[in-house]
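Everything below belongs to entry00.tsv, which stores TSV, C-alpha atoms and all ligand atoms.
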chain	number	residue	atom	x	y	z
A	1	MET	CA	107.33	91.71	103.88
A	2	LYS	CA	110.07	92.75	106.21
A	3	ASN	CA	110.84	96.43	106.14
A	4	LYS	CA	114.59	96.01	105.99
A	5	LYS	CA	116.46	99.29	105.91
A	6	ARG	CA	119.18	99.47	103.30
A	7	LEU	CA	122.49	100.57	104.73
A	8	LYS	CA	123.53	103.99	103.45
A	9	ILE	CA	126.95	105.60	103.36
A	10	GLU	CA	125.94	108.02	106.14
A	11	ASP	CA	125.11	105.05	108.40
A	12	LEU	CA	128.67	103.77	108.05
A	13	GLY	CA	130.45	107.11	108.31
A	14	GLU	CA	133.85	107.79	106.81
A	15	PHE	CA	135.76	105.41	109.02
A	16	GLY	CA	133.18	102.64	108.83
A	17	PHE	CA	133.43	102.96	105.06
A	18	ILE	CA	137.23	102.72	105.11
A	19	SER	CA	137.33	99.70	107.41
A	20	ARG	CA	134.60	97.90	105.42
A	21	PHE	CA	136.50	98.07	102.15
A	22	SER	CA	140.17	98.36	103.12
A	23	SER	CA	140.88	94.90	104.54
A	24	GLY	CA	140.27	93.22	101.16
A	25	PHE	CA	143.09	95.31	99.75
A	26	THR	CA	145.53	95.47	102.64
A	27	ARG	CA	145.47	91.65	102.98
A	28	MET	CA	146.92	91.21	99.49
A	29	LEU	CA	149.85	93.60	99.89
A	30	PRO	CA	153.39	92.29	99.46
A	31	PRO	CA	155.63	92.45	102.55
A	32	GLY	CA	157.23	95.80	103.27
A	33	VAL	CA	154.32	97.82	101.85
A	34	LEU	CA	151.94	99.82	104.03
A	35	GLY	CA	148.64	100.63	102.35
A	36	ILE	CA	145.36	102.10	103.60
A	37	GLY	CA	145.12	103.28	107.21
A	38	ASP	CA	147.83	105.85	107.88
A	39	ASP	CA	148.60	109.39	106.71
A	40	CYS	CA	150.70	108.10	103.79
A	41	ALA	CA	151.26	104.79	102.06
A	42	VAL	CA	154.83	103.52	102.49
A	43	LEU	CA	156.66	101.66	99.72
A	44	PRO	CA	160.14	100.14	99.57
A	45	TRP	CA	162.52	102.30	97.55
A	46	LYS	CA	166.31	102.39	97.88
A	47	GLY	CA	167.75	100.42	100.81
A	48	GLN	CA	166.58	102.08	104.03
A	49	LYS	CA	164.86	104.83	102.01
A	50	LYS	CA	161.10	104.53	101.64
A	51	LEU	CA	158.75	106.23	99.24
A	52	LEU	CA	155.78	107.94	100.89
A	53	VAL	CA	152.60	108.70	98.95
A	54	THR	CA	149.53	110.64	100.04
A	55	THR	CA	146.48	112.00	98.25
A	56	ASP	CA	143.54	114.26	99.07
A	57	LEU	CA	140.37	115.39	97.36
A	58	LEU	CA	138.98	118.91	97.76
A	59	ILE	CA	135.48	119.73	96.56
A	60	ASP	CA	133.70	123.06	96.33
A	61	GLY	CA	130.98	123.26	98.97
A	62	VAL	CA	132.44	120.36	100.99
A	63	HIS	CA	136.06	121.23	101.74
A	64	PHE	CA	136.02	124.89	100.79
A	65	LEU	CA	133.55	127.59	99.88
A	66	GLY	CA	134.46	128.52	96.31
A	67	GLY	CA	132.68	131.84	96.55
A	68	ARG	CA	134.59	132.85	99.68
A	69	ILE	CA	138.15	131.55	99.60
A	70	SER	CA	140.48	133.51	97.31
A	71	PRO	CA	142.10	131.50	94.50
A	72	LEU	CA	145.49	132.42	95.98
A	73	ASN	CA	144.59	130.84	99.31
A	74	LEU	CA	142.91	127.84	97.69
A	75	GLY	CA	146.03	127.05	95.64
A	76	TYR	CA	148.15	127.36	98.77
A	77	LYS	CA	145.80	125.28	100.93
A	78	SER	CA	145.33	122.48	98.38
A	79	LEU	CA	149.04	121.80	98.63
A	80	ALA	CA	149.31	122.53	102.38
A	81	VAL	CA	146.78	119.92	103.51
A	82	ASN	CA	148.59	117.25	101.52
A	83	LEU	CA	152.01	118.26	102.81
A	84	SER	CA	150.61	117.95	106.31
A	85	ASP	CA	150.06	114.22	105.76
A	86	MET	CA	153.69	113.95	104.64
A	87	ALA	CA	154.77	115.81	107.80
A	88	ALA	CA	152.69	113.39	109.88
A	89	MET	CA	155.00	110.50	109.07
A	90	GLY	CA	158.24	112.44	109.10
A	91	GLY	CA	158.61	112.51	105.30
A	92	ARG	CA	160.36	114.98	103.01
A	93	PRO	CA	158.04	115.90	100.14
A	94	GLY	CA	159.51	116.12	96.64
A	95	TRP	CA	156.93	115.72	93.89
A	96	ALA	CA	153.29	116.49	93.27
A	97	PHE	CA	150.50	115.65	90.85
A	98	LEU	CA	147.50	117.94	90.60
A	99	SER	CA	144.23	117.01	88.90
A	100	ILE	CA	141.58	119.63	88.60
A	101	ALA	CA	138.00	119.71	87.24
A	102	ILE	CA	137.14	123.28	86.31
A	103	PRO	CA	133.62	124.67	85.81
A	104	PRO	CA	133.00	126.50	82.52
A	105	GLY	CA	133.34	130.27	82.71
A	106	THR	CA	136.23	130.13	85.19
A	107	GLU	CA	138.40	133.15	84.55
A	108	ILE	CA	142.02	132.61	83.63
A	109	SER	CA	143.05	135.26	86.15
A	110	TRP	CA	141.43	133.05	88.82
A	111	LEU	CA	143.58	130.11	87.72
A	112	ASP	CA	146.68	132.34	87.60
A	113	GLU	CA	146.07	133.24	91.23
A	114	PHE	CA	145.41	129.61	92.19
A	115	PHE	CA	148.77	128.58	90.77
A	116	ARG	CA	150.51	131.56	92.34
A	117	GLY	CA	149.28	130.37	95.76
A	118	TRP	CA	150.39	126.82	95.01
A	119	ARG	CA	153.84	128.02	93.95
A	120	GLN	CA	154.31	130.14	97.08
A	121	LEU	CA	154.25	127.00	99.19
A	122	ALA	CA	155.79	124.65	96.62
A	123	ARG	CA	158.89	126.80	96.38
A	124	ARG	CA	159.23	127.06	100.15
A	125	THR	CA	158.93	123.30	100.60
A	126	GLY	CA	160.86	122.14	97.50
A	127	VAL	CA	157.91	120.39	95.85
A	128	HIS	CA	157.90	120.00	92.04
A	129	LEU	CA	154.67	119.61	90.11
A	130	LEU	CA	155.12	116.71	87.69
A	131	GLY	CA	151.70	116.32	86.13
A	132	GLY	CA	148.05	115.55	86.68
A	133	ASP	CA	144.84	115.76	84.72
A	134	THR	CA	142.47	118.57	83.81
A	135	THR	CA	138.85	118.35	82.79
A	136	GLY	CA	135.69	120.46	82.72
A	137	SER	CA	133.22	120.18	85.59
A	138	ARG	CA	129.46	120.64	85.58
A	139	ASN	CA	129.27	120.74	89.36
A	140	GLY	CA	131.84	123.10	90.78
A	141	LEU	CA	135.54	122.88	91.23
A	142	VAL	CA	137.17	119.55	92.18
A	143	ILE	CA	140.85	119.34	93.13
A	144	ASN	CA	142.88	116.20	93.70
A	145	VAL	CA	146.47	116.33	94.84
A	146	VAL	CA	149.01	113.50	95.11
A	147	ILE	CA	152.30	114.06	96.93
A	148	LEU	CA	155.33	111.80	96.85
A	149	GLY	CA	158.12	112.07	99.33
A	150	GLU	CA	160.85	110.07	101.00
A	151	ALA	CA	162.01	109.11	104.45
A	152	ASP	CA	164.51	106.84	106.13
A	153	GLY	CA	162.48	103.76	107.06
A	154	ARG	CA	163.86	103.82	110.61
A	155	HIS	CA	162.49	107.34	111.07
A	156	ILE	CA	158.92	106.93	109.84
A	157	ARG	CA	156.25	107.28	112.49
A	158	TYR	CA	152.93	105.44	112.27
A	159	ARG	CA	149.53	105.74	113.94
A	160	SER	CA	149.85	102.19	115.17
A	161	SER	CA	152.74	102.48	117.62
A	162	ALA	CA	151.20	104.26	120.64
A	163	ARG	CA	151.56	102.38	123.95
A	164	PRO	CA	149.67	102.70	127.24
A	165	GLY	CA	151.38	105.28	129.42
A	166	ASP	CA	152.66	107.39	126.49
A	167	ILE	CA	152.30	111.15	126.79
A	168	VAL	CA	150.08	112.69	124.10
A	169	ALA	CA	151.35	116.01	122.71
A	170	VAL	CA	150.64	118.47	119.89
A	171	THR	CA	152.96	120.78	117.94
A	172	GLY	CA	150.65	123.77	117.68
A	173	ASN	CA	147.62	125.62	118.96
A	174	LEU	CA	144.26	123.91	118.55
A	175	GLY	CA	140.98	125.37	117.34
A	176	ASP	CA	142.27	128.41	115.45
A	177	SER	CA	141.14	127.10	112.08
A	178	GLU	CA	137.66	126.24	113.39
A	179	GLY	CA	137.43	129.71	114.93
A	180	GLY	CA	138.44	131.18	111.58
A	181	LEU	CA	135.78	129.16	109.78
A	182	ARG	CA	133.11	130.28	112.24
A	183	LEU	CA	134.08	133.89	111.53
A	184	ILE	CA	134.06	133.35	107.77
A	185	LEU	CA	130.53	131.95	108.05
A	186	LYS	CA	129.44	135.12	109.87
A	187	ASN	CA	130.12	137.06	106.65
A	188	ILE	CA	131.90	139.89	108.42
A	189	PRO	CA	133.38	142.23	105.79
A	190	ASP	CA	137.18	142.04	105.67
A	191	ASN	CA	137.71	145.64	106.77
A	192	LYS	CA	135.51	145.08	109.85
A	193	LEU	CA	137.60	142.19	111.18
A	194	LYS	CA	139.48	142.84	114.42
A	195	PRO	CA	143.19	141.80	114.42
A	196	GLU	CA	142.46	138.63	116.44
A	197	GLU	CA	139.67	137.74	114.01
A	198	ARG	CA	141.87	138.31	111.00
A	199	TYR	CA	144.48	136.05	112.61
A	200	LEU	CA	142.00	133.17	112.96
A	201	VAL	CA	140.71	133.57	109.40
A	202	LYS	CA	144.28	133.46	108.14
A	203	ARG	CA	144.93	130.31	110.17
A	204	HIS	CA	141.96	128.72	108.40
A	205	TYR	CA	142.99	129.76	104.91
A	206	ARG	CA	146.77	129.38	105.20
A	207	PRO	CA	147.67	126.47	107.47
A	208	ARG	CA	151.37	125.77	107.78
A	209	PRO	CA	152.27	122.11	107.32
A	210	HIS	CA	154.63	121.12	110.14
A	211	LEU	CA	157.23	119.50	107.90
A	212	GLU	CA	160.39	120.41	109.85
A	213	GLU	CA	158.69	119.49	113.11
A	214	GLY	CA	157.60	116.16	111.63
A	215	GLN	CA	161.08	115.30	110.36
A	216	PHE	CA	162.67	116.28	113.64
A	217	LEU	CA	160.19	114.35	115.79
A	218	ALA	CA	160.26	111.25	113.59
A	219	GLY	CA	164.03	111.13	114.12
A	220	GLN	CA	163.66	110.94	117.92
A	221	PRO	CA	163.39	107.34	119.17
A	222	GLU	CA	161.12	108.33	122.07
A	223	VAL	CA	158.40	109.49	119.66
A	224	ARG	CA	156.13	106.50	119.10
A	225	ALA	CA	152.95	107.33	117.14
A	226	MET	CA	152.32	110.41	115.04
A	227	MET	CA	149.65	111.85	112.73
A	228	ASP	CA	148.45	115.28	111.68
A	229	VAL	CA	145.43	117.11	113.08
A	230	SER	CA	143.02	117.36	110.16
A	231	ASP	CA	139.57	116.47	111.51
A	232	GLY	CA	140.14	117.69	115.10
A	233	ILE	CA	141.90	115.83	117.92
A	234	ASP	CA	138.62	114.26	119.10
A	235	SER	CA	138.33	112.50	115.78
A	236	ASP	CA	142.04	112.09	115.01
A	237	LEU	CA	142.89	110.52	118.38
A	238	ARG	CA	140.35	107.79	117.63
A	239	ARG	CA	142.43	106.86	114.57
A	240	ILE	CA	145.50	106.39	116.77
A	241	MET	CA	143.41	104.46	119.32
A	242	GLU	CA	142.03	102.17	116.63
A	243	ARG	CA	145.41	101.48	115.02
A	244	SER	CA	147.26	101.11	118.33
A	245	ASP	CA	144.46	99.28	120.19
A	246	CYS	CA	144.52	101.69	123.12
A	247	GLY	CA	142.56	104.49	124.75
A	248	VAL	CA	143.38	108.10	125.54
A	249	ARG	CA	142.78	110.48	128.42
A	250	ILE	CA	142.78	114.19	127.49
A	251	PHE	CA	143.21	117.01	130.00
A	252	LEU	CA	141.17	119.87	128.56
A	253	GLU	CA	142.88	122.60	130.60
A	254	GLN	CA	146.18	121.63	128.94
A	255	LEU	CA	145.01	122.11	125.34
A	256	PRO	CA	147.13	124.91	123.83
A	257	VAL	CA	144.95	127.74	122.51
A	258	SER	CA	145.92	131.10	121.04
A	259	SER	CA	145.04	134.36	122.74
A	260	ALA	CA	143.11	135.25	119.56
A	261	LEU	CA	140.88	132.20	119.96
A	262	LYS	CA	140.36	132.96	123.66
A	263	LYS	CA	139.33	136.50	122.82
A	264	CYS	CA	136.92	135.47	120.08
A	265	SER	CA	135.43	132.65	122.17
A	266	GLN	CA	134.64	135.18	124.86
A	267	LYS	CA	133.20	137.67	122.39
A	268	TYR	CA	131.00	135.18	120.52
A	269	GLY	CA	130.17	132.78	123.35
A	270	TRP	CA	131.98	129.79	121.87
A	271	ASN	CA	132.89	126.87	124.09
A	272	LEU	CA	136.68	127.25	123.92
A	273	GLU	CA	137.50	123.66	124.86
A	274	GLU	CA	134.99	122.25	122.42
A	275	VAL	CA	136.40	124.38	119.60
A	276	ALA	CA	139.94	123.28	120.50
A	277	ALA	CA	139.15	119.57	120.82
A	278	ALA	CA	136.62	119.09	118.04
A	279	GLY	CA	137.57	121.80	115.53
A	280	GLY	CA	139.43	120.51	112.49
A	281	GLU	CA	142.05	121.70	110.02
A	282	ASP	CA	144.75	122.94	112.35
A	283	TYR	CA	147.30	120.79	110.53
A	284	CYS	CA	149.74	120.63	113.41
A	285	LEU	CA	151.00	117.22	114.56
A	286	LEU	CA	149.60	114.90	117.20
A	287	LEU	CA	152.10	112.48	118.73
A	288	THR	CA	152.65	110.04	121.57
A	289	VAL	CA	155.94	109.88	123.45
A	290	ALA	CA	157.57	107.40	125.85
A	291	PRO	CA	156.62	108.98	129.21
A	292	GLU	CA	160.05	108.83	130.88
A	293	LYS	CA	161.60	110.63	127.89
A	294	PHE	CA	158.99	113.33	127.42
A	295	ALA	CA	160.63	116.10	129.44
A	296	GLY	CA	163.92	115.63	127.57
A	297	LEU	CA	162.15	115.64	124.22
A	298	ALA	CA	160.20	118.80	125.05
A	299	GLU	CA	163.51	120.48	125.93
A	300	LYS	CA	165.18	119.41	122.66
A	301	TYR	CA	162.11	120.54	120.78
A	302	PHE	CA	162.17	123.93	122.46
A	303	ARG	CA	165.86	124.41	121.65
A	304	ARG	CA	165.21	123.56	118.01
A	305	PHE	CA	161.92	125.42	117.37
A	306	LYS	CA	161.77	128.03	120.17
A	307	ARG	CA	158.26	126.81	120.98
A	308	PRO	CA	156.98	124.46	123.68
A	309	LEU	CA	155.70	120.96	122.95
A	310	PRO	CA	152.51	120.90	125.02
A	311	ALA	CA	151.45	117.61	126.62
A	312	ILE	CA	147.65	117.25	126.44
A	313	GLY	CA	146.96	113.76	127.69
A	314	GLN	CA	148.03	110.18	128.14
A	315	VAL	CA	147.53	106.89	126.33
A	316	THR	CA	145.61	104.27	128.35
A	317	ALA	CA	145.09	100.50	128.14
A	318	GLU	CA	141.33	100.87	127.56
A	319	PRO	CA	140.94	100.13	123.82
A	320	GLY	CA	138.62	102.56	122.05
A	321	VAL	CA	137.88	104.69	125.11
A	322	LEU	CA	138.54	108.42	124.82
A	323	ARG	CA	137.98	110.27	128.09
A	324	TYR	CA	138.11	113.99	128.76
A	325	PHE	CA	139.07	115.48	132.10
A	326	LYS	CA	138.86	119.03	133.33
A	327	ASN	CA	140.72	119.76	136.56
A	328	GLN	CA	140.73	116.03	137.38
A	329	VAL	CA	136.98	115.62	136.84
A	330	GLN	CA	135.75	113.57	133.92
A	331	VAL	CA	133.56	115.58	131.55
A	332	SER	CA	131.86	114.88	128.22
A	333	LEU	CA	132.48	116.92	125.13
A	334	GLY	CA	129.59	118.47	123.19
A	335	LYS	CA	130.59	117.86	119.63
A	336	SER	CA	132.57	115.23	117.78
A	337	GLY	CA	135.10	115.93	115.03
A	338	PHE	CA	134.43	116.09	111.33
A	339	ASP	CA	133.10	113.04	109.47
A	340	HIS	CA	132.78	113.30	105.71
A	341	PHE	CA	129.54	111.33	105.44
A	342	ARG	CA	127.55	112.60	108.39
A	401	MG	MG	146.29	113.04	107.98

As structure tokens, what does this structure read like?
Ligand SMILES: [Mg+2]
Amino acid sequence: MKNKKRLKIEDLGEFGFISRFSSGFTRMLPPGVLGIGDDCAVLPWKGQKKLLVTTDLLIDGVHFLGGRISPLNLGYKSLAVNLSDMAAMGGRPGWAFLSIAIPPGTEISWLDEFFRGWRQLARRTGVHLLGGDTTGSRNGLVINVVILGEADGRHIRYRSSARPGDIVAVTGNLGDSEGGLRLILKNIPDNKLKPEERYLVKRHYRPRPHLEEGQFLAGQPEVRAMMDVSDGIDSDLRRIMERSDCGVRIFLEQLPVSSALKKCSQKYGWNLEEVAAAGGEDYCLLLTVAPEKFAGLAEKYFRRFKRPLPAIGQVTAEPGVLRYFKNQVQVSLGKSGFDHFR
């Protein structure tokens, strides 16, 4: 008898899984509807206006450490990571659904804090909670969030529109959240954290969805492809490459990193470039821009946000090939971004 190995989910990986099952569904979609494969689904709504929908699942022990993160931060972050997907396409969020499976014995004060954290961000971003589902859980906390938003169809940016020659840019520092997570896992007591360490931990627990940046950038015709940085640029760039049938060249010395991350990398012996390129959960935006218009866009962006728009690489015509360069020499990166099944 042949010893035929049965394919397991970890053999496919998250993106193998999605591509295996998605085509059967995307093929049947009516015209004008975008389904699986981008940060949000896009549906026709009113004239040029489109409805954007995104959803995310957060599980104790997988996406957060229930024993470590405060309920205030967890409530905030559950909403933030979803709003980041809305920002990625240039959408304005409006409505949310929250479903939550709660283990027995959960204290009401814990839930009060969770919802206080949620409301802090919901109020700031104009998001109304419309419903959801609640149930008991025998295996830890499970949170599912759905966000609905809107955008002018002409100003939505997709992962599929990068072109060879485009400049690749990001709207924020990379690696802070990963640095924060590494510190959290060291179990350093709160009162022993140095200011730069506290900064990184905060960046992990309280990411800011780049909604204004996303809306601004999506309205600029020179911006071609856009997504948010959730799994780390090493992993996220591959999504753009796959959808746009292109490759990317990244210049490691151009990755924007905070002085806090530099300090901590030195102190703990982290590979700064690896943390910046492969670390996830920064929730800034990753975009590609028509090369001849990049300087002008960076200027407009600076005038509007008082921050630079760092260029980190260039789109190439080599489909599926992601290359890293350091001072013009090609190098390989130690660690790949986050995959949910590996
Ligand atoms: Mg995303």

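Residues in contact range of A:Cys284, defined as at most 9 Å between all atoms listed in the file, with sequence neighbours fewer than 5 positions away removed, read Ser84, Ala87, Ala88, Val170, Thr171, Gly172, Asn173, Leu174, Pro207, Arg208, Pro209, His210, Met227, Asp228, Val229 and Ser230 of chain A.
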
Write to file, as a CSV table (one decimal), in the frame of the given file, the residues of the selection just made, with C-alpha atoms.
chain,number,residue,atom,x,y,z
A,84,SER,CA,150.6,118.0,106.3
A,87,ALA,CA,154.8,115.8,107.8
A,88,ALA,CA,152.7,113.4,109.9
A,170,VAL,CA,150.6,118.5,119.9
A,171,THR,CA,153.0,120.8,117.9
A,172,GLY,CA,150.6,123.8,117.7
A,173,ASN,CA,147.6,125.6,119.0
A,174,LEU,CA,144.3,123.9,118.6
A,207,PRO,CA,147.7,126.5,107.5
A,208,ARG,CA,151.4,125.8,107.8
A,209,PRO,CA,152.3,122.1,107.3
A,210,HIS,CA,154.6,121.1,110.1
A,227,MET,CA,149.6,111.8,112.7
A,228,ASP,CA,148.4,115.3,111.7
A,229,VAL,CA,145.4,117.1,113.1
A,230,SER,CA,143.0,117.4,110.2

- Message: Taking only C-alpha atoms and all ligand atoms into account, list the residues no farther than 10 Å from ligand MG 401 (chain A), as number ranges by chain.
- Response: A: 37-40, 54-56, 81-89, 159, 226-231, 236, 239, 281, 283-286

Would you mind exporting the chosen residues as a PDB file, keeping the file's coordinate frame, restricted to C-alpha atoms?
ATOM      1  CA  GLY A  37     145.120 103.280 107.210  1.00  0.00           C
ATOM      2  CA  ASP A  38     147.830 105.850 107.880  1.00  0.00           C
ATOM      3  CA  ASP A  39     148.600 109.390 106.710  1.00  0.00           C
ATOM      4  CA  CYS A  40     150.700 108.100 103.790  1.00  0.00           C
ATOM      5  CA  THR A  54     149.530 110.640 100.040  1.00  0.00           C
ATOM      6  CA  THR A  55     146.480 112.000  98.250  1.00  0.00           C
ATOM      7  CA  ASP A  56     143.540 114.260  99.070  1.00  0.00           C
ATOM      8  CA  VAL A  81     146.780 119.920 103.510  1.00  0.00           C
ATOM      9  CA  ASN A  82     148.590 117.250 101.520  1.00  0.00           C
ATOM     10  CA  LEU A  83     152.010 118.260 102.810  1.00  0.00           C
ATOM     11  CA  SER A  84     150.610 117.950 106.310  1.00  0.00           C
ATOM     12  CA  ASP A  85     150.060 114.220 105.760  1.00  0.00           C
ATOM     13  CA  MET A  86     153.690 113.950 104.640  1.00  0.00           C
ATOM     14  CA  ALA A  87     154.770 115.810 107.800  1.00  0.00           C
ATOM     15  CA  ALA A  88     152.690 113.390 109.880  1.00  0.00           C
ATOM     16  CA  MET A  89     155.000 110.500 109.070  1.00  0.00           C
ATOM     17  CA  ARG A 159     149.530 105.740 113.940  1.00  0.00           C
ATOM     18  CA  MET A 226     152.320 110.410 115.040  1.00  0.00           C
ATOM     19  CA  MET A 227     149.650 111.850 112.730  1.00  0.00           C
ATOM     20  CA  ASP A 228     148.450 115.280 111.680  1.00  0.00           C
ATOM     21  CA  VAL A 229     145.430 117.110 113.080  1.00  0.00           C
ATOM     22  CA  SER A 230     143.020 117.360 110.160  1.00  0.00           C
ATOM     23  CA  ASP A 231     139.570 116.470 111.510  1.00  0.00           C
ATOM     24  CA  ASP A 236     142.040 112.090 115.010  1.00  0.00           C
ATOM     25  CA  ARG A 239     142.430 106.860 114.570  1.00  0.00           C
ATOM     26  CA  GLU A 281     142.050 121.700 110.020  1.00  0.00           C
ATOM     27  CA  TYR A 283     147.300 120.790 110.530  1.00  0.00           C
ATOM     28  CA  CYS A 284     149.740 120.630 113.410  1.00  0.00           C
ATOM     29  CA  LEU A 285     151.000 117.220 114.560  1.00  0.00           C
ATOM     30  CA  LEU A 286     149.600 114.900 117.200  1.00  0.00           C
TER      31      LEU A 286
END

Go ahead and find all residues with at least one atom no further than 8 Å from (162.2, 107.6, 114.8) in the file's coordinates, using only C-alpha atoms; report them as a PDB file with C-alpha atoms, in the frame of the given file.
ATOM      1  CA  ARG A 154     163.860 103.820 110.610  1.00  0.00           C
ATOM      2  CA  HIS A 155     162.490 107.340 111.070  1.00  0.00           C
ATOM      3  CA  ILE A 156     158.920 106.930 109.840  1.00  0.00           C
ATOM      4  CA  ARG A 157     156.250 107.280 112.490  1.00  0.00           C
ATOM      5  CA  LEU A 217     160.190 114.350 115.790  1.00  0.00           C
ATOM      6  CA  ALA A 218     160.260 111.250 113.590  1.00  0.00           C
ATOM      7  CA  GLY A 219     164.030 111.130 114.120  1.00  0.00           C
ATOM      8  CA  GLN A 220     163.660 110.940 117.920  1.00  0.00           C
ATOM      9  CA  PRO A 221     163.390 107.340 119.170  1.00  0.00           C
ATOM     10  CA  GLU A 222     161.120 108.330 122.070  1.00  0.00           C
ATOM     11  CA  VAL A 223     158.400 109.490 119.660  1.00  0.00           C
ATOM     12  CA  ARG A 224     156.130 106.500 119.100  1.00  0.00           C
TER      13      ARG A 224
END

- re atom CA of A:Gly247 and atom CA of A:Ala317: distance 5.8 Å

- Which is closer to A:Ile69 than all the others in A:Pro319, A:Asn191, A:Lys202, A:Gln48, using only C-alpha atoms?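 Among A:Pro319, A:Asn191, A:Lys202, A:Gln48, it is A:Lys202 that comes nearest to A:Ile69.
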
- Message: Please compute the atom CA of A:Gln120-atom CA of A:Gly149 distance, one decimal, in Å.
- Response: 18.6 Å

- Between atom CA of A:Lys326 and atom CA of A:Glu253, what is the spacing in Å?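 Separating atom CA of A:Glu253 from atom CA of A:Lys326 is a distance of 6.0 Å.
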